[in-house]
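Visitor: You'll find start_29.csv just under this line, and it carries CSV, C-alpha atoms.
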```csv
chain,number,residue,atom,x,y,z
A,1,MET,CA,27.5,26.4,10.2
A,2,LYS,CA,26.2,26.7,13.7
A,3,LYS,CA,22.6,26.7,12.4
A,4,MET,CA,23.2,23.6,10.4
A,5,LEU,CA,24.7,21.8,13.4
A,6,GLN,CA,21.6,22.8,15.4
A,7,THR,CA,19.4,21.5,12.7
A,8,VAL,CA,21.2,18.1,12.6
A,9,LYS,CA,21.1,17.9,16.4
A,10,HIS,CA,17.4,18.7,16.3
A,11,PHE,CA,16.8,15.9,13.7
A,12,PHE,CA,18.6,13.3,15.8
A,13,SER,CA,16.7,14.3,18.9
A,14,ARG,CA,13.3,13.9,17.1
A,15,ALA,CA,13.9,11.1,14.6
A,16,ASP,CA,13.4,7.4,15.4
A,17,MET,CA,16.7,6.1,14.1
A,18,LEU,CA,15.7,2.4,14.6
A,19,LEU,CA,12.7,2.9,12.2
A,20,LEU,CA,14.9,4.7,9.7
A,21,PHE,CA,17.5,1.8,9.9
A,22,LEU,CA,14.8,-0.8,9.4
A,23,CYS,CA,13.4,0.9,6.4
A,24,VAL,CA,16.8,1.5,4.8
A,25,ALA,CA,17.9,-2.0,5.5
A,26,THR,CA,14.7,-3.5,4.0
A,27,THR,CA,14.8,-1.3,1.0
A,28,THR,CA,18.5,-2.1,0.4
A,29,PHE,CA,17.7,-5.8,0.5
A,30,GLY,CA,14.8,-5.0,-1.9
A,31,ILE,CA,17.2,-3.2,-4.3
A,32,VAL,CA,19.4,-6.3,-4.5
A,33,LEU,CA,16.3,-8.5,-5.2
A,34,VAL,CA,15.1,-6.0,-7.9
A,35,ALA,CA,18.6,-6.2,-9.5
A,36,SER,CA,18.3,-10.0,-9.6
A,37,ALA,CA,14.7,-9.9,-10.9
A,38,THR,CA,15.4,-7.4,-13.6
A,39,GLN,CA,18.8,-8.8,-14.7
A,40,HIS,CA,17.3,-10.4,-17.8
A,41,PHE,CA,16.1,-6.9,-19.0
A,42,GLY,CA,19.7,-6.1,-19.9
A,43,THR,CA,19.4,-2.6,-18.4
A,44,THR,CA,20.0,-1.1,-14.9
A,45,ARG,CA,17.2,1.5,-15.3
A,46,ASN,CA,14.9,-0.1,-12.7
A,47,LEU,CA,17.8,-0.5,-10.3
A,48,MET,CA,18.9,3.1,-10.6
A,49,ILE,CA,15.4,4.4,-10.1
A,50,GLN,CA,15.1,2.3,-7.0
A,51,ILE,CA,18.4,3.6,-5.6
A,52,VAL,CA,17.2,7.2,-6.3
A,53,ALA,CA,13.9,6.4,-4.5
A,54,LEU,CA,15.9,5.2,-1.5
A,55,ILE,CA,17.9,8.4,-1.3
A,56,LEU,CA,14.7,10.5,-1.7
A,57,GLY,CA,13.0,8.5,1.0
A,58,ILE,CA,15.8,9.3,3.4
A,59,LEU,CA,15.6,13.0,2.6
A,60,PHE,CA,11.8,13.0,3.0
A,61,TYR,CA,12.2,11.1,6.3
A,62,ALA,CA,14.5,13.9,7.5
A,63,LEU,CA,12.1,16.6,6.2
A,64,PHE,CA,9.0,15.3,7.7
A,65,THR,CA,10.7,14.5,11.0
A,66,MET,CA,11.5,18.2,11.3
A,67,LEU,CA,8.0,19.3,10.4
A,68,ASP,CA,5.2,19.5,13.0
A,69,ILE,CA,2.5,17.0,11.8
A,70,ASP,CA,-0.2,19.2,13.5
A,71,ILE,CA,0.5,22.0,11.0
A,72,ILE,CA,-0.2,19.6,8.1
A,73,ALA,CA,-3.2,17.9,9.8
A,74,GLU,CA,-4.8,21.3,10.6
A,75,ARG,CA,-5.3,21.9,6.9
A,76,ARG,CA,-8.0,19.2,6.5
A,77,GLU,CA,-9.6,21.0,3.5
A,78,VAL,CA,-6.3,21.2,1.7
A,79,LEU,CA,-5.6,17.5,2.3
A,80,PHE,CA,-9.1,16.6,1.0
A,81,LEU,CA,-8.7,18.7,-2.1
A,82,PHE,CA,-5.2,17.3,-2.7
A,83,ASN,CA,-6.6,13.7,-2.7
A,84,LEU,CA,-9.4,14.6,-5.0
A,85,LEU,CA,-7.4,16.6,-7.6
A,86,PHE,CA,-4.3,14.4,-7.5
A,87,ILE,CA,-6.4,11.3,-8.3
A,88,ALA,CA,-8.5,13.2,-10.8
A,89,LEU,CA,-5.3,13.8,-12.8
A,90,LEU,CA,-5.7,10.2,-14.0
A,91,ARG,CA,-8.5,11.3,-16.3
A,92,THR,CA,-6.3,13.9,-17.9
A,93,PRO,CA,-3.9,13.2,-20.8
A,94,LEU,CA,-1.3,12.5,-18.1
A,95,GLY,CA,-3.2,9.4,-17.0
A,96,THR,CA,-2.0,6.1,-18.5
A,97,ASN,CA,-3.4,2.6,-18.6
A,98,ILE,CA,-1.2,-0.2,-17.2
A,99,GLY,CA,-2.5,-3.7,-16.5
A,100,GLY,CA,-6.1,-2.8,-17.3
A,101,ASN,CA,-6.4,0.1,-14.8
A,102,ARG,CA,-5.8,3.8,-15.4
A,103,SER,CA,-3.8,4.1,-12.2
A,104,TRP,CA,-0.6,5.9,-13.3
A,105,LEU,CA,0.5,9.3,-14.3
A,106,ASP,CA,3.1,9.6,-17.1
A,107,ILE,CA,4.5,13.1,-16.5
A,108,PRO,CA,6.9,14.4,-19.2
A,109,GLY,CA,10.5,14.7,-18.0
A,110,ILE,CA,10.1,12.2,-15.1
A,111,PRO,CA,11.6,8.8,-16.0
A,112,PHE,CA,9.0,6.8,-14.0
A,113,ASN,CA,5.3,6.7,-13.6
A,114,ILE,CA,3.5,8.0,-10.5
A,115,GLN,CA,0.6,6.2,-8.8
A,116,PRO,CA,-1.5,8.9,-7.1
A,117,VAL,CA,-3.6,6.5,-5.1
A,118,GLU,CA,-0.5,5.2,-3.3
A,119,ILE,CA,0.6,8.7,-2.3
A,120,CYS,CA,-2.9,9.7,-1.2
A,121,LYS,CA,-3.0,6.8,1.3
A,122,ILE,CA,-0.7,8.9,3.5
A,123,THR,CA,-2.7,12.1,3.3
A,124,PHE,CA,-5.9,10.1,3.8
A,125,ILE,CA,-4.5,8.6,7.0
A,126,ILE,CA,-3.5,12.0,8.3
A,127,LEU,CA,-6.9,13.5,7.4
A,128,LEU,CA,-8.8,10.7,9.1
A,129,ALA,CA,-6.6,10.8,12.2
A,130,LYS,CA,-7.2,14.5,12.5
A,131,ILE,CA,-11.0,14.1,12.2
A,132,MET,CA,-10.9,11.3,14.8
A,133,SER,CA,-8.8,13.5,17.1
A,134,VAL,CA,-11.2,16.5,16.8
A,135,HIS,CA,-14.2,14.3,17.6
A,136,ARG,CA,-12.5,12.0,20.0
A,137,ASN,CA,-15.0,12.6,22.8
A,138,SER,CA,-17.9,11.7,20.5
A,139,ILE,CA,-16.1,9.1,18.4
A,140,SER,CA,-19.1,6.6,18.4
A,141,LYS,CA,-21.9,9.1,17.8
A,142,PRO,CA,-23.7,8.7,14.5
A,143,GLU,CA,-22.7,12.2,13.1
A,144,THR,CA,-19.0,11.4,13.8
A,145,VAL,CA,-19.1,8.0,12.3
A,146,PHE,CA,-21.0,9.3,9.2
A,147,ARG,CA,-18.4,12.1,8.8
A,148,MET,CA,-15.6,9.6,8.9
A,149,GLY,CA,-17.5,7.2,6.7
A,150,PHE,CA,-18.1,10.0,4.1
A,151,HIS,CA,-14.4,10.5,3.6
A,152,VAL,CA,-13.6,6.8,3.0
A,153,VAL,CA,-16.7,6.2,0.8
A,154,PHE,CA,-15.9,9.4,-1.2
A,155,ILE,CA,-12.2,8.5,-1.8
A,156,PHE,CA,-13.2,4.9,-2.7
A,157,GLY,CA,-15.8,6.2,-5.2
A,158,VAL,CA,-13.3,8.7,-6.7
A,159,ILE,CA,-10.8,5.8,-7.2
A,160,LEU,CA,-13.3,3.6,-8.9
A,161,VAL,CA,-14.5,6.4,-11.2
A,162,MET,CA,-11.0,7.7,-12.1
A,163,SER,CA,-9.0,4.5,-12.3
A,164,ARG,CA,-11.4,1.5,-11.7
A,165,ASP,CA,-8.7,0.0,-9.5
A,166,ALA,CA,-11.0,-1.6,-6.9
A,167,GLY,CA,-8.1,-3.6,-5.4
A,168,VAL,CA,-6.1,-0.5,-4.3
A,169,GLY,CA,-9.4,1.2,-3.3
A,170,MET,CA,-10.1,-1.7,-1.0
A,171,MET,CA,-6.9,-0.8,0.9
A,172,TYR,CA,-8.5,2.4,2.0
A,173,LEU,CA,-11.5,0.5,3.5
A,174,LEU,CA,-9.2,-1.8,5.4
A,175,ILE,CA,-7.1,1.0,6.8
A,176,PHE,CA,-10.3,2.8,7.7
A,177,ALA,CA,-11.6,-0.2,9.6
A,178,VAL,CA,-8.4,-0.7,11.6
A,179,MET,CA,-8.1,3.0,12.5
A,180,LEU,CA,-11.7,3.1,13.7
A,181,TRP,CA,-11.2,0.0,15.8
A,182,THR,CA,-8.1,1.3,17.5
A,183,GLY,CA,-9.6,4.7,17.8
A,184,GLY,CA,-12.3,3.6,20.1
A,185,VAL,CA,-15.4,3.4,17.9
A,186,HIS,CA,-18.0,1.1,19.5
A,187,TRP,CA,-18.1,-2.5,18.2
A,188,SER,CA,-21.8,-2.1,17.2
A,189,TRP,CA,-20.8,0.1,14.3
A,190,PHE,CA,-18.6,-2.7,13.0
A,191,ALA,CA,-21.5,-5.1,13.2
A,192,ILE,CA,-23.6,-2.6,11.3
A,193,GLY,CA,-20.8,-2.2,8.7
A,194,ILE,CA,-20.4,-6.0,8.2
A,195,GLY,CA,-24.1,-6.3,7.8
A,196,ALA,CA,-24.2,-3.5,5.2
A,197,LEU,CA,-21.4,-5.1,3.3
A,198,ALA,CA,-23.2,-8.4,3.2
A,199,ILE,CA,-26.2,-6.6,1.7
A,200,LEU,CA,-24.3,-4.3,-0.7
A,201,PHE,CA,-21.7,-6.8,-2.0
A,202,PRO,CA,-24.2,-8.8,-4.1
A,203,ILE,CA,-25.6,-5.5,-5.5
A,204,ALA,CA,-22.1,-4.2,-6.3
A,205,TRP,CA,-21.2,-7.6,-7.9
A,206,ASN,CA,-23.6,-6.8,-10.8
A,207,LEU,CA,-23.8,-3.0,-10.6
A,208,LYS,CA,-23.2,-1.2,-13.9
A,209,ILE,CA,-21.6,2.2,-14.2
A,210,GLY,CA,-21.4,3.9,-17.6
A,211,GLY,CA,-22.4,0.7,-19.5
A,212,SER,CA,-19.9,-1.5,-17.8
A,213,THR,CA,-20.0,-3.5,-14.6
A,214,LEU,CA,-18.4,-2.1,-11.5
A,215,ILE,CA,-16.5,-5.4,-11.0
A,216,GLY,CA,-15.3,-6.7,-14.3
A,217,GLU,CA,-15.8,-10.3,-15.4
A,218,TYR,CA,-12.1,-11.0,-15.2
A,219,GLN,CA,-12.0,-9.5,-11.7
A,220,LYS,CA,-14.9,-11.7,-10.6
A,221,LEU,CA,-13.1,-14.8,-11.9
A,222,ARG,CA,-10.0,-13.8,-10.0
A,223,ILE,CA,-12.0,-13.8,-6.8
A,224,GLN,CA,-14.1,-16.9,-7.6
A,225,MET,CA,-11.0,-19.0,-8.4
A,226,ILE,CA,-9.9,-18.8,-4.8
A,227,PHE,CA,-12.9,-20.8,-3.8
A,228,ASP,CA,-13.8,-22.7,-7.0
A,229,PRO,CA,-11.1,-25.2,-8.2
A,230,SER,CA,-13.2,-25.9,-11.4
A,231,ILE,CA,-12.3,-22.5,-12.8
A,232,ASP,CA,-9.4,-22.8,-15.2
A,233,PRO,CA,-8.2,-26.1,-13.7
A,234,ASP,CA,-5.4,-26.3,-16.3
A,235,GLY,CA,-4.0,-22.9,-15.3
A,236,VAL,CA,-3.8,-21.5,-18.8
A,237,ASP,CA,-6.0,-18.5,-18.3
A,238,ILE,CA,-7.2,-16.9,-15.0
A,239,ARG,CA,-4.9,-19.1,-12.9
A,240,TRP,CA,-1.9,-18.5,-15.0
A,241,HIS,CA,-0.2,-15.9,-12.9
A,242,THR,CA,-0.9,-17.7,-9.6
A,243,ASN,CA,0.4,-21.1,-11.0
A,244,GLN,CA,3.6,-19.5,-12.3
A,245,SER,CA,4.1,-17.7,-9.0
A,246,LEU,CA,3.8,-20.9,-7.1
A,247,LEU,CA,6.2,-22.7,-9.4
A,248,THR,CA,8.8,-20.0,-8.9
A,249,LEU,CA,8.2,-19.7,-5.2
A,250,THR,CA,8.6,-23.4,-4.4
A,251,ASN,CA,11.5,-23.8,-6.8
A,252,GLY,CA,14.1,-22.8,-4.2
A,253,GLY,CA,13.4,-25.2,-1.3
A,254,VAL,CA,14.8,-24.2,2.1
A,255,THR,CA,17.9,-22.2,1.1
A,256,GLY,CA,17.1,-21.3,-2.5
A,257,GLN,CA,19.1,-21.4,-5.7
A,258,GLY,CA,21.1,-18.3,-4.9
A,259,LEU,CA,20.8,-14.6,-5.8
A,260,PHE,CA,21.0,-14.0,-9.6
A,261,ASN,CA,20.8,-17.8,-10.1
A,262,GLY,CA,17.0,-18.6,-10.1
A,263,SER,CA,16.3,-20.8,-13.0
A,264,ARG,CA,12.9,-19.2,-13.7
A,265,THR,CA,13.7,-15.7,-12.4
A,266,GLN,CA,16.7,-15.3,-14.7
A,267,ILE,CA,14.8,-16.0,-17.8
A,268,GLY,CA,11.8,-13.8,-16.8
A,269,ALA,CA,9.4,-16.7,-16.6
A,270,LEU,CA,7.2,-14.9,-14.1
A,271,ALA,CA,5.3,-11.8,-15.2
A,272,GLU,CA,5.8,-8.7,-13.0
A,273,GLN,CA,8.4,-10.6,-11.0
A,274,HIS,CA,10.1,-7.3,-9.9
A,275,THR,CA,6.9,-5.8,-8.7
A,276,ASP,CA,3.8,-7.8,-7.7
A,277,PHE,CA,5.5,-11.2,-7.5
A,278,ILE,CA,8.9,-10.4,-6.1
A,279,PHE,CA,8.1,-12.5,-3.1
A,280,SER,CA,8.2,-15.5,-5.4
A,281,VAL,CA,11.6,-14.5,-6.6
A,282,VAL,CA,12.7,-14.5,-3.0
A,283,GLY,CA,11.4,-18.0,-2.6
A,284,GLU,CA,13.3,-19.3,-5.6
A,285,GLU,CA,16.6,-17.6,-5.0
A,286,LEU,CA,16.7,-17.5,-1.2
A,287,GLY,CA,14.3,-20.2,-0.3
A,288,ILE,CA,12.1,-20.4,2.8
A,289,LEU,CA,14.9,-18.8,4.8
A,290,GLY,CA,14.8,-15.7,2.6
A,291,CYS,CA,11.0,-15.5,2.7
A,292,THR,CA,11.2,-15.6,6.5
A,293,LEU,CA,13.8,-12.9,6.6
A,294,VAL,CA,11.6,-10.6,4.4
A,295,LEU,CA,8.5,-11.2,6.6
A,296,LEU,CA,10.5,-10.5,9.7
A,297,LEU,CA,11.9,-7.2,8.3
A,298,GLU,CA,8.4,-6.2,7.3
A,299,MET,CA,7.0,-7.2,10.7
A,300,ALA,CA,9.7,-5.2,12.5
A,301,ILE,CA,8.8,-2.0,10.6
A,302,ILE,CA,5.1,-2.5,11.3
A,303,LEU,CA,5.6,-3.2,15.0
A,304,ARG,CA,8.0,-0.3,15.3
A,305,CYS,CA,5.3,2.0,13.8
A,306,VAL,CA,2.8,0.7,16.4
A,307,TYR,CA,5.3,1.1,19.2
A,308,ILE,CA,6.0,4.7,18.3
A,309,GLY,CA,2.3,5.5,18.1
A,310,ILE,CA,1.6,4.0,21.5
A,311,LYS,CA,4.6,5.8,23.1
A,312,SER,CA,3.7,9.2,21.6
A,313,GLY,CA,1.0,9.8,24.2
A,314,ASN,CA,-1.0,11.8,21.6
A,315,TYR,CA,-4.2,10.4,20.2
A,316,MET,CA,-3.8,11.8,16.7
A,317,ASN,CA,-0.2,10.8,16.4
A,318,ARG,CA,-1.1,7.3,17.6
A,319,GLN,CA,-3.8,7.0,15.0
A,320,ILE,CA,-1.4,8.1,12.2
A,321,CYS,CA,1.1,5.5,13.3
A,322,ILE,CA,-1.6,2.8,13.5
A,323,GLY,CA,-2.9,3.9,10.1
A,324,MET,CA,0.6,3.6,8.5
A,325,ALA,CA,1.2,0.3,10.2
A,326,SER,CA,-2.1,-1.1,9.0
A,327,MET,CA,-1.4,0.1,5.5
A,328,LEU,CA,1.8,-1.9,5.5
A,329,ALA,CA,0.4,-4.9,7.2
A,330,TRP,CA,-2.6,-5.3,4.9
A,331,GLN,CA,-0.4,-4.8,1.8
A,332,VAL,CA,2.2,-7.4,2.9
A,333,THR,CA,-0.6,-9.8,3.8
A,334,ILE,CA,-2.4,-9.4,0.4
A,335,ASN,CA,0.8,-9.4,-1.7
A,336,VAL,CA,2.2,-12.6,0.0
A,337,GLY,CA,-1.3,-14.1,-0.3
A,338,MET,CA,-1.3,-13.3,-4.1
A,339,CYS,CA,2.0,-15.2,-4.5
A,340,LEU,CA,0.7,-18.1,-2.5
A,341,GLY,CA,-2.6,-18.2,-4.3
A,342,LEU,CA,-4.6,-17.4,-1.2
A,343,THR,CA,-5.8,-14.0,-2.3
A,344,PRO,CA,-6.9,-12.6,-5.7
A,345,VAL,CA,-4.2,-11.0,-7.9
A,346,ILE,CA,-5.0,-7.3,-7.6
A,347,GLY,CA,-1.7,-5.7,-8.4
A,348,LEU,CA,-0.4,-4.7,-4.9
A,349,THR,CA,3.3,-4.6,-4.4
A,350,LEU,CA,5.4,-5.7,-1.4
A,351,PRO,CA,6.4,-2.6,0.6
A,352,PHE,CA,10.1,-1.7,0.6
A,353,ILE,CA,10.9,-4.8,-1.5
A,354,SER,CA,9.2,-4.5,-4.8
A,355,TYR,CA,10.3,-2.1,-7.5
A,356,GLY,CA,8.4,1.2,-7.7
A,357,GLY,CA,10.0,3.5,-5.2
```
For the structure just supplied, provide its representation as C-alpha cells.
Guide:
Amino acid sequence: MKKMLQTVKHFFSRADMLLLFLCVATTTFGIVLVASATQHFGTTRNLMIQIVALILGILFYALFTMLDIDIIAERREVLFLFNLLFIALLRTPLGTNIGGNRSWLDIPGIPFNIQPVEICKITFIILLAKIMSVHRNSISKPETVFRMGFHVVFIFGVILVMSRDAGVGMMYLLIFAVMLWTGGVHWSWFAIGIGALAILFPIAWNLKIGGSTLIGEYQKLRIQMIFDPSIDPDGVDIRWHTNQSLLTLTNGGVTGQGLFNGSRTQIGALAEQHTDFIFSVVGEELGILGCTLVLLLEMAIILRCVYIGIKSGNYMNRQICIGMASMLAWQVTINVGMCLGLTPVIGLTLPFISYGG
C-alpha cells in the first residue's frame, strides 16, 4: 500500500496535469462528436472503441510519465528495427487495404484495425531527437545532416513500398523539417533541401515503381484540383468529397443545427464523416463557434507541448516535445484544409477528435 502511494505521488510530481486535462477534455469532446457522426450506423461499436482508447490513453500517459525517456531513446537500433518491422507487417496476411492504401493491420481477436505508420511517428520522433542530441555540437555538419536525412528518407521509402500511402509518409518529412529547424541546423541546408525537392518532384511525379507510377493518377488529380478549377467542375468525381464536405461544413452557420441534429450528418451524407471529415460535422452541428472551440483546444495542446519542451532544459526532451507538437500541428492544418478544400484529400484524421483511437 505504501509503495502504491509512493508511485502515485511520484506520478503527480512528474506528470503535466494540464496537458493530461487538455487531452482528456478534447478527446471527450471528440467522443461526443463521434457518437453524433455515427448515430446513423445504428450501433455503438465506434463509440465504445473510442471510449476504450481514451482509457488506454490515460494509462499509457501514466506509464510513460513514470519511465525515463533516455532509457527508450538509448536503444536507437531497437527503435529503428521496430519501425521497419512494424510497417513491414503491412505486406503480410495481416495487412489490409482500406481506401486504396494498404495501411492497416487486421489482427485476429482485436476489434479494430491498427495503422503502424501512425504509431511509428512517435518512435521516429524519439529516434531523430536522440540522433540530434548525440550530434548536437556538429548538428550542421554534412555527415550529421546526411545521417538524419537517411532515417527520414528510409522510413518514407518503406512507407511507400509497403503501403503506398504518400500522404501519411509526407507527415514524416514535415516533422523532420520542423525538428531540424528548431534543433539549430543551418538555414543553408533548408535552401539545399528546397532546391532538391524542386528538382526531384517533377521526376517523382512520373516515376514508376513495379509497373505503376509512384504517384497515382487519382492522387495527381487530387493535388491538381486545388489549383485548376477546370478539373471536375461539376463535382461528381474527384471533387466529390471536397464539395460534400463544404456543403456539410457551411450548413450550420454560426451556432450550428445542434448535436445529433445535423441534417446531412444524421443521414450519413458525407463519407468518412466520423474520421477524415469530422471537422465538417462540427461545422454543421455546432457552427463556426464549435469549429473555433475545436481549433482552440488543439492549439492549447500543441502550445502546451512546446512550453513543456522549452521548460525542460534538455535538448533531446525539447526536440521530442517539438516533434510531437509539429506532428499535431501539421495534421490539424492538413485535415482542416481538406475539409475546406484547401489541401488534397489524403486521409489524415483530426487528432483527439476523429474516430480511430
Visitor: Using all atoms listed in the file, pick whichever of A:Phe277, A:Phe150, A:Trp187, A:Phe80 has the shortest atom-to-atom distance to Asn243 of chain A.
Guide: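 Among A:Phe277, A:Phe150, A:Trp187, A:Phe80, it is A:Phe277 that comes nearest to Asn243 of chain A.
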Visitor: Report the distance between atom CA of Glu118 of chain A and atom CA of His40 of chain A in Å, rounded to one decimal place.
Guide: 27.8 Å
Visitor: Write out, as CSV, each residue of segment 62-177 of chain A that has an atom at most 12 Å from segment 190-207 of chain A, together with the closest pair of atoms and their distance in Å to one decimal, counting all atoms listed in the file, rows going by chain and rising number.
Guide:
```
residue,atom,partner,partner_atom,distance
A:Ser140,CA,A:Phe190,CA,10.8
A:Pro142,CA,A:Ile192,CA,11.7
A:Val145,CA,A:Phe190,CA,10.7
A:Phe146,CA,A:Gly193,CA,11.5
A:Gly149,CA,A:Gly193,CA,10.2
A:Ala166,CA,A:Ala204,CA,11.4
A:Leu173,CA,A:Gly193,CA,11.0
A:Phe176,CA,A:Phe190,CA,11.3
A:Ala177,CA,A:Phe190,CA,8.2
```
Visitor: Around (-2.6, -3.7, -12.7), as given in the file, which residues come within 9 Å? Count all atoms listed in the file and list them as a list in words.
Guide: Asn97, Ile98, Gly99, Gly100, Asn101, Arg102, Ser103, Asp165, Val345, Ile346, Gly347 and Leu348 of chain A
Visitor: For the selection just defined, write its residues with C-alpha atoms to a file, as an mmCIF file, keeping the file's coordinate frame.
Guide:
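File selection23.cif, as written:
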```
data_model
loop_
_atom_site.group_PDB
_atom_site.id
_atom_site.type_symbol
_atom_site.label_atom_id
_atom_site.label_comp_id
_atom_site.auth_asym_id
_atom_site.auth_seq_id
_atom_site.Cartn_x
_atom_site.Cartn_y
_atom_site.Cartn_z
ATOM 1 C CA ASN A 97 -3.400 2.600 -18.600
ATOM 2 C CA ILE A 98 -1.200 -0.200 -17.200
ATOM 3 C CA GLY A 99 -2.500 -3.700 -16.500
ATOM 4 C CA GLY A 100 -6.100 -2.800 -17.300
ATOM 5 C CA ASN A 101 -6.400 0.100 -14.800
ATOM 6 C CA ARG A 102 -5.800 3.800 -15.400
ATOM 7 C CA SER A 103 -3.800 4.100 -12.200
ATOM 8 C CA ASP A 165 -8.700 0.000 -9.500
ATOM 9 C CA VAL A 345 -4.200 -11.000 -7.900
ATOM 10 C CA ILE A 346 -5.000 -7.300 -7.600
ATOM 11 C CA GLY A 347 -1.700 -5.700 -8.400
ATOM 12 C CA LEU A 348 -0.400 -4.700 -4.900
#
```
Visitor: Looking at only C-alpha atoms, which of A:Thr28, A:Thr96, A:Thr43, A:Ser13 is the one that sits closest to Ile55 of chain A?
Guide: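 Among the listed residues, A:Thr28 lies closest to Ile55 of chain A.
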Visitor: So which residues touch Lys141 of chain A within 12 Å, counting all atoms listed in the file, skipping near sequence neighbours fewer than 2 positions away, as an MDAnalysis selection string?
Guide: chainID A and resid 132 135:139 143:148 184:186 188:189
Visitor: What lies within 12 Å of Glu284 of chain A using only C-alpha atoms, ignoring chain neighbours under 4 positions off, as a VMD selection string?
Guide: chain A and resid 33 36 to 37 244 to 266 269 to 270 273 277 to 280 288 to 291
Visitor: So which one's closest to Asn46 of chain A, A:Asp68, A:Arg239, A:Ile223, A:Tyr355? Using only C-alpha atoms, please.
Guide: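 Looking only at the distances to Asn46 of chain A, the closest residue turns out to be A:Tyr355.
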Visitor: When you draw a straight line from atom CA of Leu303 of chain A to atom CA of Val281 of chain A, how long is it in Å?
Guide: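 One can read the atom CA of Leu303 of chain A to atom CA of Val281 of chain A distance as 25.1 Å.
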Visitor: Hey, can you check how far atom CA of Thr44 of chain A sits from atom CA of Val294 of chain A?
Guide: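 If I compute the distance from atom CA of Thr44 of chain A to atom CA of Val294 of chain A, I get 23.1 Å.
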Visitor: Tell me which of A:Ile110, A:Pro116, A:Val332, A:Gly30 sits closest to Ala88 of chain A, counting all atoms listed in the file.
Guide: A:Pro116
